[in-house]
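work_34.csv (CSV, C-alpha atoms)
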chain,number,residue,atom,x,y,z
A,254,ASP,CA,-13.5,7.7,-6.4
A,255,SER,CA,-9.8,8.3,-6.9
A,256,GLY,CA,-10.1,7.9,-10.7
A,257,VAL,CA,-7.8,4.9,-10.9
A,258,THR,CA,-9.6,2.0,-12.6
A,259,GLN,CA,-8.7,-1.7,-12.6
A,260,THR,CA,-10.2,-4.5,-14.6
A,261,PRO,CA,-11.4,-7.1,-14.1
A,262,LYS,CA,-12.8,-6.8,-10.5
A,263,HIS,CA,-12.7,-10.5,-10.0
A,264,LEU,CA,-10.8,-13.3,-11.8
A,265,ILE,CA,-11.0,-17.0,-11.2
A,266,THR,CA,-8.6,-19.2,-13.0
A,267,ALA,CA,-6.8,-22.5,-12.7
A,268,THR,CA,-3.2,-23.3,-11.7
A,269,GLY,CA,-0.8,-23.1,-14.6
A,270,GLN,CA,-2.8,-20.5,-16.5
A,271,ARG,CA,-1.9,-17.0,-17.4
A,272,VAL,CA,-3.9,-13.8,-16.7
A,273,THR,CA,-3.5,-10.1,-17.5
A,274,LEU,CA,-4.7,-7.4,-15.1
A,275,ARG,CA,-5.2,-4.0,-16.4
A,276,CYS,CA,-4.9,-0.6,-14.8
A,277,SER,CA,-5.8,2.9,-16.0
A,278,PRO,CA,-4.2,5.7,-14.0
A,279,ARG,CA,-5.9,8.9,-13.1
A,280,SER,CA,-5.9,11.5,-15.9
A,281,GLY,CA,-2.5,13.2,-16.0
A,282,ASP,CA,-0.8,10.7,-13.8
A,283,LEU,CA,2.5,9.4,-15.2
A,284,SER,CA,3.4,6.8,-12.6
A,285,VAL,CA,1.8,3.4,-12.0
A,286,TYR,CA,2.6,1.1,-9.1
A,287,TRP,CA,1.5,-2.5,-8.7
A,288,TYR,CA,1.0,-4.2,-5.3
A,289,GLN,CA,0.0,-7.7,-4.2
A,290,GLN,CA,-2.1,-8.0,-1.0
A,291,SER,CA,-2.4,-11.5,0.3
A,292,LEU,CA,-3.7,-12.6,3.7
A,293,ASP,CA,-0.4,-13.8,5.1
A,294,GLN,CA,1.9,-11.2,3.6
A,295,GLY,CA,0.0,-7.9,3.7
A,296,LEU,CA,0.7,-5.3,1.0
A,297,GLN,CA,3.8,-6.0,-1.1
A,298,PHE,CA,5.2,-3.6,-3.7
A,299,LEU,CA,5.8,-5.3,-7.0
A,300,ILE,CA,6.9,-2.8,-9.6
A,301,GLN,CA,6.6,0.8,-10.7
A,302,TYR,CA,6.5,2.4,-14.1
A,303,TYR,CA,7.0,6.1,-14.8
A,304,ASN,CA,6.0,7.4,-18.3
A,305,GLY,CA,6.5,4.1,-19.9
A,306,GLU,CA,9.8,3.2,-18.2
A,307,GLU,CA,10.4,0.7,-15.3
A,308,ARG,CA,11.4,2.8,-12.3
A,309,ALA,CA,11.5,0.6,-9.3
A,310,LYS,CA,11.2,-3.2,-8.7
A,311,GLY,CA,10.1,-4.9,-5.6
A,312,ASN,CA,9.3,-8.5,-4.8
A,313,ILE,CA,8.0,-9.4,-8.2
A,314,LEU,CA,8.4,-13.0,-9.2
A,315,GLU,CA,10.0,-13.9,-12.5
A,316,ARG,CA,6.6,-15.4,-13.6
A,317,PHE,CA,5.1,-12.0,-13.3
A,318,SER,CA,5.8,-9.1,-15.7
A,319,ALA,CA,4.4,-5.7,-16.3
A,320,GLN,CA,4.5,-2.9,-18.8
A,321,GLN,CA,3.1,0.6,-19.2
A,322,PHE,CA,1.9,1.6,-22.6
A,323,PRO,CA,2.1,4.9,-24.5
A,324,ASP,CA,-1.4,5.9,-23.3
A,325,LEU,CA,-0.1,5.3,-19.8
A,326,HIS,CA,-2.3,2.4,-18.9
A,327,SER,CA,-0.5,-0.6,-17.4
A,328,GLU,CA,-0.9,-4.3,-17.5
A,329,LEU,CA,0.4,-6.9,-15.0
A,330,ASN,CA,0.9,-10.4,-16.5
A,331,LEU,CA,0.9,-13.4,-14.2
A,332,SER,CA,1.9,-16.7,-15.7
A,333,SER,CA,2.2,-20.3,-14.6
A,334,LEU,CA,-0.2,-19.4,-11.8
A,335,GLU,CA,0.0,-21.2,-8.5
A,336,LEU,CA,-2.5,-21.4,-5.6
A,337,GLY,CA,-0.3,-19.0,-3.6
A,338,ASP,CA,-0.8,-16.3,-6.3
A,339,SER,CA,-4.4,-15.9,-5.1
A,340,ALA,CA,-4.5,-12.3,-3.8
A,341,LEU,CA,-5.9,-8.8,-4.2
A,342,TYR,CA,-3.8,-6.9,-6.8
A,343,PHE,CA,-3.8,-3.2,-6.5
A,344,CYS,CA,-2.7,-0.6,-8.9
A,345,ALA,CA,-1.9,2.9,-7.8
A,346,SER,CA,-1.0,6.0,-9.7
A,347,SER,CA,0.7,9.4,-9.1
A,348,TYR,CA,1.5,12.4,-11.2
A,349,ARG,CA,5.2,12.5,-10.4
A,350,ASP,CA,7.7,9.8,-9.6
A,351,ARG,CA,6.8,9.9,-5.9
A,352,ALA,CA,4.9,7.1,-4.2
A,353,TYR,CA,3.7,9.3,-1.4
A,354,GLU,CA,1.4,10.9,-3.9
A,355,GLN,CA,-0.1,7.6,-5.0
A,356,TYR,CA,-3.8,6.9,-5.1
A,357,PHE,CA,-4.9,3.3,-5.1
A,358,GLY,CA,-7.4,1.7,-7.5
A,359,PRO,CA,-10.2,-0.6,-6.3
A,360,GLY,CA,-8.1,-3.8,-6.9
A,361,THR,CA,-8.5,-7.0,-8.8
A,362,ARG,CA,-9.2,-10.1,-6.8
A,363,LEU,CA,-7.5,-13.1,-8.3
A,364,THR,CA,-8.5,-16.6,-7.2
A,365,VAL,CA,-6.4,-19.5,-8.5
A,366,THR,CA,-8.1,-22.9,-8.1
B,961,GLY,CA,16.3,-4.4,2.1
B,962,GLU,CA,14.0,-2.7,4.5
B,963,ASN,CA,11.9,-4.8,7.0
B,964,VAL,CA,8.9,-3.3,8.6
B,965,GLU,CA,7.2,-5.1,11.5
B,966,GLN,CA,3.8,-4.0,12.8
B,967,HIS,CA,2.0,-4.8,16.1
B,968,PRO,CA,-0.5,-5.8,17.1
B,969,SER,CA,-2.1,-7.7,14.3
B,970,THR,CA,-5.6,-7.2,15.8
B,971,LEU,CA,-6.8,-4.6,18.3
B,972,SER,CA,-10.2,-4.1,19.8
B,973,VAL,CA,-11.1,-1.0,21.8
B,974,GLN,CA,-14.2,0.5,23.3
B,975,GLU,CA,-15.6,3.5,21.5
B,976,GLY,CA,-14.1,6.6,23.0
B,977,ASP,CA,-10.9,4.9,24.0
B,978,SER,CA,-7.5,5.4,22.4
B,979,ALA,CA,-5.8,3.0,20.0
B,980,VAL,CA,-2.0,2.7,19.4
B,981,ILE,CA,-0.4,0.8,16.6
B,982,LYS,CA,3.4,0.3,16.6
B,983,CYS,CA,5.9,-0.3,13.8
B,984,THR,CA,9.6,-0.9,13.7
B,985,TYR,CA,11.9,-0.6,10.7
B,986,SER,CA,15.4,-1.9,10.0
B,987,ASP,CA,17.0,0.5,7.5
B,988,SER,CA,18.3,3.6,9.0
B,989,ALA,CA,18.2,5.3,5.6
B,990,SER,CA,14.3,5.2,5.7
B,991,ASN,CA,13.0,8.7,6.3
B,992,TYR,CA,9.4,8.7,5.2
B,993,PHE,CA,6.7,6.9,7.1
B,994,PRO,CA,3.1,6.9,5.8
B,995,TRP,CA,0.1,5.2,7.4
B,996,TYR,CA,-2.8,3.8,5.3
B,997,LYS,CA,-6.3,2.9,6.3
B,998,GLN,CA,-8.1,0.2,4.5
B,999,GLU,CA,-11.8,-0.4,5.1
B,1000,LEU,CA,-13.3,-3.8,4.4
B,1001,GLY,CA,-13.4,-4.4,0.7
B,1002,LYS,CA,-12.0,-1.0,-0.2
B,1003,ARG,CA,-8.7,0.4,-1.3
B,1004,PRO,CA,-5.9,1.7,1.0
B,1005,GLN,CA,-6.0,5.4,1.7
B,1006,LEU,CA,-3.3,7.6,3.1
B,1007,ILE,CA,-4.4,9.0,6.4
B,1008,ILE,CA,-1.2,10.6,7.8
B,1009,ASP,CA,2.5,10.6,7.2
B,1010,ILE,CA,5.7,11.7,8.9
B,1011,ARG,CA,9.2,12.5,7.7
B,1012,SER,CA,12.3,11.9,9.7
B,1013,ASN,CA,13.0,15.5,10.5
B,1014,VAL,CA,9.8,15.6,12.6
B,1015,GLY,CA,9.2,13.7,15.8
B,1016,GLU,CA,5.4,14.0,15.9
B,1017,LYS,CA,2.6,15.0,13.7
B,1018,LYS,CA,-1.1,15.5,14.5
B,1019,ASP,CA,-4.3,15.7,12.4
B,1020,GLN,CA,-7.4,16.0,14.5
B,1021,ARG,CA,-7.8,12.6,16.4
B,1022,ILE,CA,-4.8,11.0,14.6
B,1023,ALA,CA,-1.2,11.4,15.5
B,1024,VAL,CA,2.0,9.8,14.5
B,1025,THR,CA,5.2,9.7,16.5
B,1026,LEU,CA,8.7,8.8,15.3
B,1027,ASN,CA,11.8,7.7,17.2
B,1028,LYS,CA,14.6,7.6,14.8
B,1029,THR,CA,17.1,6.3,17.3
B,1030,ALA,CA,15.0,3.3,18.2
B,1031,LYS,CA,13.7,2.9,14.6
B,1032,HIS,CA,10.1,2.8,15.5
B,1033,PHE,CA,7.0,4.9,14.8
B,1034,SER,CA,3.5,4.7,16.1
B,1035,LEU,CA,0.0,5.7,15.1
B,1036,HIS,CA,-2.3,7.0,17.9
B,1037,ILE,CA,-6.0,7.4,17.4
B,1038,THR,CA,-7.9,9.2,20.2
B,1039,GLU,CA,-11.6,9.2,21.0
B,1040,THR,CA,-12.1,6.2,18.7
B,1041,GLN,CA,-15.3,5.9,16.7
B,1042,PRO,CA,-16.9,2.9,15.0
B,1043,GLU,CA,-16.0,4.3,11.6
B,1044,ASP,CA,-12.3,4.0,12.7
B,1045,SER,CA,-12.7,0.2,12.4
B,1046,ALA,CA,-10.5,-0.9,9.5
B,1047,VAL,CA,-7.1,-2.4,8.8
B,1048,TYR,CA,-4.2,0.0,9.2
B,1049,PHE,CA,-0.9,-0.3,7.5
B,1050,CYS,CA,2.4,1.4,8.2
B,1051,ALA,CA,5.1,1.8,5.7
B,1052,ALA,CA,8.6,3.0,5.3
B,1053,SER,CA,10.6,4.4,2.4
B,1054,ILE,CA,13.6,6.4,1.5
B,1055,ASN,CA,13.0,10.0,0.5
B,1056,THR,CA,9.3,9.5,-0.2
B,1057,GLY,CA,10.5,7.5,-3.1
B,1058,ASN,CA,9.2,4.7,-5.2
B,1059,GLN,CA,9.3,1.7,-3.1
B,1060,PHE,CA,7.2,1.5,0.1
B,1061,TYR,CA,7.8,-1.4,2.5
B,1062,PHE,CA,4.6,-2.1,4.3
B,1063,GLY,CA,3.9,-3.7,7.6
B,1064,THR,CA,1.5,-6.6,7.8
B,1065,GLY,CA,-1.4,-4.6,9.0
B,1066,THR,CA,-3.4,-4.1,12.2
B,1067,SER,CA,-7.1,-4.9,12.2
B,1068,LEU,CA,-8.8,-2.4,14.5
B,1069,THR,CA,-12.3,-2.9,15.8
B,1070,VAL,CA,-14.0,-0.2,17.7
B,1071,ILE,CA,-16.8,-1.6,19.8
B,1072,PRO,CA,-19.8,0.8,20.2

Could you render the structure as structure tokens?
Amino acid sequence: DSGVTQTPKHLITATGQRVTLRCSPRSGDLSVYWYQQSLDQGLQFLIQYYNGEERAKGNILERFSAQQFPDLHSELNLSSLELGDSALYFCASSYRDRAYEQYFGPGTRLTVT
Amino acid sequence: GENVEQHPSTLSVQEGDSAVIKCTYSDSASNYFPWYKQELGKRPQLIIDIRSNVGEKKDQRIAVTLNKTAKHFSLHITETQPEDSAVYFCAASINTGNQFYFGTGTSLTVIP
């Protein structure tokens, strides 16, 4: 186990709703990365935080937002959910501000009905 | 931004044969290329990576080659085993930095 934890494991919700996904990085890691993995688009980088600050932004929709808290855990908020948001959402963490050191968490599977 | 294409999307090989997965990238500034393996229902795990100052890197049965001029890189798995069955993703980034651009994945099946 890499030590990155994500909750919940599974989430089923309806269109138009809002959900929050939580990630706890490995002990000592300062960076958190969020990815979306859907069947048709593979793994897509969403956003990265380093020690509480946004460091890099990828293909994150305006309906999505994230933050990293002082205890370094991170939350990804998805609002006005659409069917197409159904995907596996991974969090990864690294000690430094370098994605090549990242370790992935087990993921949260989101199903929007 | 960077665009990474990966082929094939599915690949079946007999146990003991070799498997080759190819990726191309568009941004000549990309200089770090990792490969991830994702077993069914599990998280992606880094299996090998290569930087642009190197043309080839090997780790036991796995090797990666890079052609900077043509902007493509490949993963080679020799003497494949059933446990190699997984989805493999290539990625590209600049300076091992923050944003990885992933390919769409190759589902490899090794037939015993």

* Test item: residues at most 10 Å from Tyr996 in chain B, only C-alpha atoms, excluding those fewer than 3 positions along its chain, as a ChimeraX atom specification -> /B:999,1003-1009,1046-1051,1062,1065

6 Å contact set for Gln290 in chain A, only C-alpha atoms, chain neighbours under 5 positions out, as a PDB file with C-alpha atoms, in the coordinates of the input:
ATOM      1  CA  GLY A 295       0.000  -7.900   3.700  1.00  0.00           C
ATOM      2  CA  LEU A 296       0.700  -5.300   1.000  1.00  0.00           C
ATOM      3  CA  ALA A 340      -4.500 -12.300  -3.800  1.00  0.00           C
ATOM      4  CA  LEU A 341      -5.900  -8.800  -4.200  1.00  0.00           C
TER       5      LEU A 341
END

* **Of the listed residues A:Arg351, A:Phe357, A:Tyr342, A:Thr268, that which approaches Ser291 in chain A most closely, counting all atoms listed in the file** =>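 Once distances to Ser291 in chain A are computed over all atoms listed in the file, the minimum belongs to A:Tyr342.
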
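Considering the residues A:Leu336, A:Ala352, A:Leu363, A:Leu314 and counting only C-alpha atoms, Pro261 in chain A has its shortest atom-to-atom contact with A:Leu363.
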
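Shortest separation to chain A among B:Leu1000, B:Leu1035, B:Val973, B:Ala1030 occurs at residue B:Leu1000, atoms counted being only C-alpha atoms.
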
* Asked: Counting all atoms listed in the file, which residues come within 6 Å of (-1.4, 4.0, 16.7), with the point read in the file's coordinates, and could you list them as a PyMOL selection string?
  -> chain B and resi 979-981+1034-1037

* **Counting all atoms listed in the file, the option among B:Gln998, B:Thr1025, B:Thr1038, B:Thr984 closest to chain A** =>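 Of the candidates, the smallest distance to chain A is held by B:Gln998.
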
* To do: Within 12 Å of chain B, which residues of chain A are there when counting only C-alpha atoms? Please give them as a PyMOL selection string.
  => chain A and resi 254-255+257-259+262+284-303+307-312+341-347+349-362

* Do you have the CA of Cys983 in chain B-CA of His967 in chain B distance handy? ->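 So the answer is 6.4 Å.
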
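Distance annotation: of A:Thr364, A:Glu328, A:Asn304, A:Leu283, the residue with the minimal separation from Gln270 in chain A is A:Thr364; atom set is only C-alpha atoms.
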
* Asked: When distances are computed from all atoms listed in the file, which of B:Asn1027, B:Pro1042, B:Val1070, B:Phe1033 shows the smallest separation from Lys982 in chain B?
  ->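 Under the stated criterion, the closest residue is B:Phe1033.
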
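Between CA of Leu329 in chain A and CA of Arg275 in chain A the interatomic distance comes to 6.5 Å.
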
* To do: Tell me, in Å to one decimal, how far CA of Gly976 in chain B is from CA of Leu1026 in chain B.
  =>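 CA of Leu1026 in chain B lies at a distance of 24.2 Å from CA of Gly976 in chain B.
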
* Tell me, as a VMD selection string, which residues lie within 10 Å of Glu335 in chain A, counting all atoms listed in the file; anything in the same chain fewer than 2 positions away does not count. => chain A and resid 266 to 270 331 to 333 337 to 339 364 to 366
